[in-house]
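Source file: work.pdb. Holds: PDB, C-alpha atoms, pLDDT in the B column.
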MODEL        1
ATOM      1  CA  MET D   1       0.000   0.000   0.000  1.00 82.00           C
ATOM      2  CA  ASP D   2       1.188   3.503  -0.702  1.00 84.00           C
ATOM      3  CA  GLU D   3       0.901   6.551   1.567  1.00 86.00           C
ATOM      4  CA  ASN D   4      -2.727   7.045   0.444  1.00 87.00           C
ATOM      5  CA  GLU D   5      -3.674   3.450   1.315  1.00 86.00           C
ATOM      6  CA  ASN D   6      -3.898   2.438  -2.364  1.00 87.00           C
ATOM      7  CA  PHE D   7      -2.417  -0.756  -3.730  1.00 91.00           C
ATOM      8  CA  ALA D   8       1.078  -0.180  -5.110  1.00 91.00           C
ATOM      9  CA  TRP D   9       3.760  -2.259  -6.821  1.00 89.00           C
ATOM     10  CA  LEU D  10       6.414  -3.514  -4.442  1.00 87.00           C
ATOM     11  CA  LEU D  11       9.886  -4.510  -5.583  1.00 85.00           C
ATOM     12  CA  GLU D  12      11.938  -6.681  -3.270  1.00 86.00           C
ATOM     13  CA  ALA D  13      14.393  -9.567  -3.370  1.00 87.00           C
ATOM     14  CA  LEU D  14      13.164 -13.080  -4.080  1.00 85.00           C
ATOM     15  CA  SER D  15      12.618 -15.335  -1.111  1.00 87.00           C
ATOM     16  CA  PRO D  16      15.267 -18.040  -0.650  1.00 88.00           C
ATOM     17  CA  ALA D  17      12.589 -20.711  -1.234  1.00 87.00           C
ATOM     18  CA  LEU D  18      11.485 -19.199  -4.541  1.00 87.00           C
ATOM     19  CA  SER D  19      14.878 -18.618  -6.144  1.00 88.00           C
ATOM     20  CA  PRO D  20      15.684 -22.300  -6.867  1.00 91.00           C
ATOM     21  CA  ARG D  21      12.223 -22.879  -8.367  1.00 90.00           C
ATOM     22  CA  LEU D  22      12.641 -19.915 -10.707  1.00 90.00           C
ATOM     23  CA  GLU D  23      16.145 -21.049 -11.637  1.00 91.00           C
ATOM     24  CA  GLY D  24      14.753 -24.498 -12.454  1.00 91.00           C
ATOM     25  CA  TYR D  25      11.937 -23.008 -14.495  1.00 90.00           C
ATOM     26  CA  PHE D  26      14.240 -20.887 -16.654  1.00 90.00           C
ATOM     27  CA  GLU D  27      16.606 -23.811 -17.087  1.00 91.00           C
ATOM     28  CA  GLN D  28      13.690 -25.958 -18.231  1.00 88.00           C
ATOM     29  CA  VAL D  29      12.401 -23.425 -20.773  1.00 88.00           C
ATOM     30  CA  GLY D  30      15.869 -22.421 -21.955  1.00 88.00           C
ATOM     31  CA  SER D  31      15.465 -18.699 -21.467  1.00 88.00           C
ATOM     32  CA  ARG D  32      16.419 -16.017 -18.963  1.00 87.00           C
ATOM     33  CA  PRO D  33      14.971 -12.536 -18.556  1.00 87.00           C
ATOM     34  CA  GLU D  34      17.223  -9.544 -18.962  1.00 88.00           C
ATOM     35  CA  GLU D  35      17.916  -7.090 -16.162  1.00 87.00           C
ATOM     36  CA  GLY D  36      14.843  -4.879 -15.693  1.00 87.00           C
ATOM     37  CA  GLN D  37      12.578  -7.037 -17.846  1.00 89.00           C
ATOM     38  CA  VAL D  38       9.117  -7.785 -16.428  1.00 89.00           C
ATOM     39  CA  ILE D  39       7.823 -11.332 -16.818  1.00 89.00           C
ATOM     40  CA  GLU D  40       5.114 -13.509 -15.342  1.00 91.00           C
ATOM     41  CA  VAL D  41       5.753 -17.142 -14.426  1.00 90.00           C
ATOM     42  CA  SER D  42       3.234 -19.682 -13.152  1.00 87.00           C
ATOM     43  CA  LEU D  43       5.248 -22.008 -10.953  1.00 88.00           C
ATOM     44  CA  GLU D  44       2.102 -23.791  -9.767  1.00 90.00           C
ATOM     45  CA  MET D  45       0.838 -24.728 -13.238  1.00 88.00           C
ATOM     46  CA  GLU D  46       2.905 -27.917 -13.423  1.00 88.00           C
ATOM     47  CA  ASP D  47       1.800 -29.154 -10.001  1.00 91.00           C
ATOM     48  CA  TRP D  48      -1.842 -28.306 -10.721  1.00 92.00           C
ATOM     49  CA  LEU D  49      -1.888 -30.079 -14.084  1.00 92.00           C
ATOM     50  CA  ARG D  50      -0.205 -33.164 -12.614  1.00 93.00           C
ATOM     51  CA  ARG D  51      -2.789 -33.281  -9.783  1.00 95.00           C
ATOM     52  CA  VAL D  52      -5.638 -33.005 -12.280  1.00 94.00           C
ATOM     53  CA  ALA D  53      -4.183 -35.752 -14.481  1.00 94.00           C
ATOM     54  CA  ALA D  54      -3.638 -38.054 -11.489  1.00 94.00           C
ATOM     55  CA  ARG D  55      -7.281 -37.735 -10.402  1.00 95.00           C
ATOM     56  CA  MET D  56      -8.796 -38.356 -13.816  1.00 92.00           C
ATOM     57  CA  ARG D  57     -10.098 -41.791 -14.700  1.00 91.00           C
ATOM     58  CA  ARG D  58     -11.689 -40.688 -17.965  1.00 91.00           C
ATOM     59  CA  GLY D  59     -12.833 -37.476 -19.581  1.00 91.00           C
ATOM     60  CA  TYR D  60     -11.202 -34.316 -20.843  1.00 89.00           C
ATOM     61  CA  VAL D  61      -9.244 -31.466 -19.395  1.00 88.00           C
ATOM     62  CA  VAL D  62     -10.139 -28.322 -21.303  1.00 84.00           C
ATOM     63  CA  THR D  63      -7.762 -25.464 -20.744  1.00 82.00           C
ATOM     64  CA  VAL D  64      -8.644 -22.064 -22.096  1.00 78.00           C
ATOM     65  CA  ASP D  65      -5.876 -19.589 -21.753  1.00 74.00           C
ATOM     66  CA  TYR D  66      -3.744 -17.012 -23.439  1.00 75.00           C
ATOM     67  CA  GLY D  67      -0.716 -19.048 -24.449  1.00 80.00           C
ATOM     68  CA  ALA D  68       2.507 -18.260 -26.264  1.00 85.00           C
ATOM     69  CA  VAL D  69       5.870 -19.785 -27.006  1.00 85.00           C
ATOM     70  CA  VAL D  70       8.962 -18.963 -24.944  1.00 87.00           C
ATOM     71  CA  ALA D  71      10.432 -16.637 -27.584  1.00 85.00           C
ATOM     72  CA  ASP D  72       7.289 -14.508 -27.578  1.00 85.00           C
ATOM     73  CA  LEU D  73       6.912 -14.550 -23.799  1.00 86.00           C
ATOM     74  CA  TYR D  74      10.432 -13.813 -22.665  1.00 86.00           C
ATOM     75  CA  SER D  75      12.070 -12.020 -25.580  1.00 83.00           C
ATOM     76  CA  PRO D  76      12.923  -8.505 -24.389  1.00 78.00           C
ATOM     77  CA  GLY D  77      12.295  -7.173 -27.886  1.00 81.00           C
ATOM     78  CA  ALA D  78       8.775  -8.578 -27.956  1.00 78.00           C
ATOM     79  CA  ASN D  79       7.762  -8.256 -24.320  1.00 78.00           C
ATOM     80  CA  ARG D  80       9.880  -5.969 -22.162  1.00 85.00           C
ATOM     81  CA  GLU D  81       6.949  -5.048 -19.869  1.00 87.00           C
ATOM     82  CA  GLY D  82       5.424  -8.508 -19.487  1.00 89.00           C
ATOM     83  CA  THR D  83       1.955  -9.712 -20.378  1.00 90.00           C
ATOM     84  CA  LEU D  84      -0.067  -8.834 -17.263  1.00 92.00           C
ATOM     85  CA  ARG D  85      -3.211  -6.970 -18.265  1.00 92.00           C
ATOM     86  CA  GLY D  86      -6.649  -6.169 -16.956  1.00 93.00           C
ATOM     87  CA  PHE D  87     -10.084  -6.211 -18.571  1.00 92.00           C
ATOM     88  CA  ARG D  88     -13.399  -4.792 -17.552  1.00 90.00           C
ATOM     89  CA  ARG D  89     -16.416  -5.254 -19.835  1.00 84.00           C
ATOM     90  CA  HIS D  90     -14.114  -6.324 -22.680  1.00 81.00           C
ATOM     91  CA  GLN D  91     -12.041  -3.141 -22.401  1.00 87.00           C
ATOM     92  CA  PHE D  92      -8.413  -2.828 -21.285  1.00 91.00           C
ATOM     93  CA  VAL D  93      -7.864  -1.438 -17.788  1.00 93.00           C
ATOM     94  CA  GLU D  94      -5.076   1.126 -17.496  1.00 91.00           C
ATOM     95  CA  ASP D  95      -4.351   0.947 -13.762  1.00 93.00           C
ATOM     96  CA  LEU D  96      -4.270  -2.724 -12.778  1.00 93.00           C
ATOM     97  CA  LEU D  97      -4.160  -1.981  -9.047  1.00 93.00           C
ATOM     98  CA  ALA D  98      -7.080   0.465  -8.982  1.00 91.00           C
ATOM     99  CA  GLN D  99     -10.524  -0.767  -7.955  1.00 91.00           C
ATOM    100  CA  PRO D 100      -9.559  -4.279  -6.831  1.00 90.00           C
ATOM    101  CA  GLY D 101     -12.218  -6.839  -7.651  1.00 91.00           C
ATOM    102  CA  GLU D 102     -13.798  -4.687 -10.353  1.00 93.00           C
ATOM    103  CA  HIS D 103     -11.848  -6.102 -13.301  1.00 93.00           C
ATOM    104  CA  ASP D 104     -10.203  -9.321 -14.405  1.00 93.00           C
ATOM    105  CA  LEU D 105      -6.447  -9.749 -14.426  1.00 92.00           C
ATOM    106  CA  THR D 106      -4.692 -12.145 -16.777  1.00 89.00           C
ATOM    107  CA  SER D 107      -1.309 -12.888 -18.257  1.00 90.00           C
ATOM    108  CA  THR D 108      -0.040 -15.095 -21.045  1.00 88.00           C
ATOM    109  CA  VAL D 109       1.166 -18.570 -20.099  1.00 86.00           C
ATOM    110  CA  ASN D 110       3.899 -20.704 -21.596  1.00 88.00           C
ATOM    111  CA  GLY D 111       1.670 -22.815 -23.859  1.00 86.00           C
ATOM    112  CA  VAL D 112       4.518 -25.101 -24.921  1.00 86.00           C
ATOM    113  CA  LEU D 113       5.222 -25.968 -21.295  1.00 88.00           C
ATOM    114  CA  VAL D 114       1.527 -26.646 -20.613  1.00 88.00           C
ATOM    115  CA  LYS D 115       1.504 -29.133 -23.509  1.00 89.00           C
ATOM    116  CA  ALA D 116       4.739 -30.788 -22.354  1.00 89.00           C
ATOM    117  CA  VAL D 117       3.613 -31.121 -18.734  1.00 90.00           C
ATOM    118  CA  GLY D 118       0.255 -32.527 -19.831  1.00 92.00           C
ATOM    119  CA  ALA D 119       1.974 -35.113 -22.021  1.00 93.00           C
ATOM    120  CA  SER D 120       4.395 -36.112 -19.244  1.00 93.00           C
ATOM    121  CA  ALA D 121       1.416 -36.491 -16.878  1.00 93.00           C
ATOM    122  CA  GLY D 122      -0.267 -38.887 -19.302  1.00 92.00           C
ATOM    123  CA  LEU D 123      -2.715 -36.495 -20.937  1.00 92.00           C
ATOM    124  CA  GLU D 124      -3.217 -36.726 -24.685  1.00 90.00           C
ATOM    125  CA  LEU D 125      -3.476 -33.479 -26.624  1.00 86.00           C
ATOM    126  CA  VAL D 126      -6.647 -33.599 -28.706  1.00 85.00           C
ATOM    127  CA  GLU D 127      -6.612 -30.085 -30.097  1.00 82.00           C
ATOM    128  CA  LEU D 128      -4.668 -26.882 -29.710  1.00 79.00           C
ATOM    129  CA  THR D 129      -6.328 -23.883 -31.264  1.00 79.00           C
ATOM    130  CA  ARG D 130      -7.051 -20.219 -30.691  1.00 75.00           C
ATOM    131  CA  GLN D 131     -10.224 -19.428 -28.788  1.00 77.00           C
ATOM    132  CA  ASP D 132     -11.887 -17.648 -31.705  1.00 77.00           C
ATOM    133  CA  GLN D 133     -11.219 -20.579 -34.039  1.00 82.00           C
ATOM    134  CA  PHE D 134     -12.516 -23.037 -31.430  1.00 83.00           C
ATOM    135  CA  LEU D 135     -15.748 -21.082 -30.963  1.00 84.00           C
ATOM    136  CA  LEU D 136     -16.380 -20.713 -34.694  1.00 86.00           C
ATOM    137  CA  ALA D 137     -15.700 -24.395 -35.357  1.00 89.00           C
ATOM    138  CA  ASN D 138     -18.093 -25.401 -32.587  1.00 88.00           C
ATOM    139  CA  GLY D 139     -21.150 -23.460 -33.703  1.00 89.00           C
ATOM    140  CA  PHE D 140     -20.788 -20.084 -32.039  1.00 87.00           C
ATOM    141  CA  LEU D 141     -22.266 -18.150 -34.978  1.00 86.00           C
ATOM    142  CA  GLU D 142     -25.169 -20.572 -35.292  1.00 91.00           C
ATOM    143  CA  HIS D 143     -25.883 -20.269 -31.574  1.00 87.00           C
ATOM    144  CA  LEU D 144     -25.696 -16.477 -31.804  1.00 85.00           C
ATOM    145  CA  ASP D 145     -28.120 -16.532 -34.748  1.00 86.00           C
ATOM    146  CA  ALA D 146     -30.578 -18.741 -32.821  1.00 88.00           C
ATOM    147  CA  GLU D 147     -30.403 -16.469 -29.772  1.00 86.00           C
ATOM    148  CA  SER D 148     -30.870 -13.387 -31.961  1.00 87.00           C
ATOM    149  CA  GLN D 149     -33.997 -14.891 -33.542  1.00 88.00           C
ATOM    150  CA  GLN D 150     -35.470 -15.420 -30.072  1.00 88.00           C
ATOM    151  CA  ALA D 151     -34.696 -11.859 -28.945  1.00 84.00           C
ATOM    152  CA  LYS D 152     -37.761  -9.772 -28.154  1.00 88.00           C
ATOM    153  CA  ASN D 153     -36.580  -6.601 -29.838  1.00 90.00           C
ATOM    154  CA  ASP D 154     -33.758  -4.853 -31.694  1.00 85.00           C
ATOM    155  CA  GLY D 155     -32.209  -3.733 -28.403  1.00 83.00           C
ATOM    156  CA  GLU D 156     -31.753  -7.325 -27.254  1.00 82.00           C
ATOM    157  CA  ARG D 157     -30.357  -8.306 -30.662  1.00 82.00           C
ATOM    158  CA  LEU D 158     -27.894  -5.411 -30.537  1.00 81.00           C
ATOM    159  CA  GLN D 159     -26.841  -6.413 -27.026  1.00 83.00           C
ATOM    160  CA  LEU D 160     -26.179 -10.009 -28.204  1.00 80.00           C
ATOM    161  CA  SER D 161     -24.225  -8.818 -31.228  1.00 79.00           C
ATOM    162  CA  SER D 162     -22.179  -6.324 -29.220  1.00 75.00           C
ATOM    163  CA  GLY D 163     -21.414  -8.919 -26.553  1.00 73.00           C
ATOM    164  CA  ALA D 164     -20.233 -11.387 -29.177  1.00 74.00           C
ATOM    165  CA  ARG D 165     -17.843  -8.796 -30.579  1.00 69.00           C
ATOM    166  CA  GLY D 166     -16.534  -7.918 -27.117  1.00 62.00           C
ATOM    167  CA  LYS D 167     -17.936  -4.389 -27.061  1.00 56.00           C
TER     168      LYS D 167
ENDMDL
END
Whole structure given in structure tokens:
Amino acid sequence: MDENENFAWLLEALSPALSPRLEGYFEQVGSRPEEGQVIEVSLEMEDWLRRVAARMRRGYVVTVDYGAVVADLYSPGANREGTLRGFRRHQFVEDLLAQPGEHDLTSTVNGVLVKAVGASAGLELVELTRQDQFLLANGFLEHLDAESQQAKNDGERLQLSSGARGK
């Protein structure tokens, strides 16, 4: 918190327990951030995915996420400020720490590592595709058309259309 009791970014040294895990992560992905570069790392993703795989007897694990390859995630030329971003009503949020709980926060994950961990945990990759392509291939437009036909008025139809476009 800052002097006005608002959330604020805090820079401090890594804890001794966290340093070896980060070292191991960057060794595994074959990349290291440069001095001053901002990155996001999900150290719990591997453990979580392994727990999920161990509990499954049959079925599917569907992961929907913003994923990228290591070069896009950790290349200082492509991503010097990291991938953390906020959204509220499909619009970018400028100040991520303002109004906590009023917007969603997300960052891009290492999609290659998610695939590799899933495979090593015994999960079979069925499909890897962008969210928009997945939705279109699975009848999103048809569903939108059916909902629009059932709308009571033009206002409801406009609301459906705008929502589908993220506006």
Inset, instruction - Please provide the set of residues having any atom within 8 Å of Ser31 (chain D), restricted to only C-alpha atoms, with same-chain residues fewer than 2 positions apart removed, written as number ranges by chain. - result: D: 26-27, 29, 33, 70, 74
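Shortest atom-to-atom contact with Val61 (chain D) among D:Ser148, D:Val38, D:Val126, D:Asp154: D:Val126, counting only C-alpha atoms.
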Legend entry - Contacts of region 76-82 of chain D within 9 Å, all atoms listed in the file, excl. fewer than 3 positions in-chain, as a PyMOL selection string: chain D and resi 33-34+36-40+71-73+85+107-108
Could those residues be written to a file, using C-alpha atoms, as a JSON list (two decimals), in the frame of the given file?
[["chain", "number", "residue", "atom", "x", "y", "z"],
["D", 33, "PRO", "CA", 14.97, -12.54, -18.56],
["D", 34, "GLU", "CA", 17.22, -9.54, -18.96],
["D", 36, "GLY", "CA", 14.84, -4.88, -15.69],
["D", 37, "GLN", "CA", 12.58, -7.04, -17.85],
["D", 38, "VAL", "CA", 9.12, -7.78, -16.43],
["D", 39, "ILE", "CA", 7.82, -11.33, -16.82],
["D", 40, "GLU", "CA", 5.11, -13.51, -15.34],
["D", 71, "ALA", "CA", 10.43, -16.64, -27.58],
["D", 72, "ASP", "CA", 7.29, -14.51, -27.58],
["D", 73, "LEU", "CA", 6.91, -14.55, -23.80],
["D", 85, "ARG", "CA", -3.21, -6.97, -18.26],
["D", 107, "SER", "CA", -1.31, -12.89, -18.26],
["D", 108, "THR", "CA", -0.04, -15.10, -21.04]]
Inset, instruction - Skip region 86-102 of chain D itself and residues of its chain fewer than 4 positions away, then list as JSON, numbers by chain all residues within 12 Å of it, counting only C-alpha atoms. - result: {"D": [1, 2, 5, 6, 7, 8, 9, 10, 106, 107, 108, 162, 163, 164, 165, 166, 167]}
Inset, instruction - Quote the spacing between CA of Ala53 (chain D) and CA of Leu105 (chain D) in Å to one decimal place. - result: 26.1 Å
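Excluding Asp145 (chain D) itself and any same-chain residue fewer than 5 positions from it, the protein and nucleic acid residues within 10 Å of it, counting only C-alpha atoms, are Gly139, Phe140, Gln150, Ala151, Arg157, Leu160 and Ser161 of chain D.
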Please report as CSV every residue of region 38-99 of chain D lying within 10 Å of region 20-24 of chain D, along with the nearest atom pair and their distance in Å (one decimal), using all atoms listed in the file.
residue,atom,partner,partner_atom,distance
D:Val41,CA,D:Leu22,CA,8.3
D:Ser42,CA,D:Leu22,CA,9.7
D:Leu43,CA,D:Arg21,CA,7.5
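Here CA of Asp47 (chain D) is placed at a distance of 17.7 Å from CA of Tyr60 (chain D).
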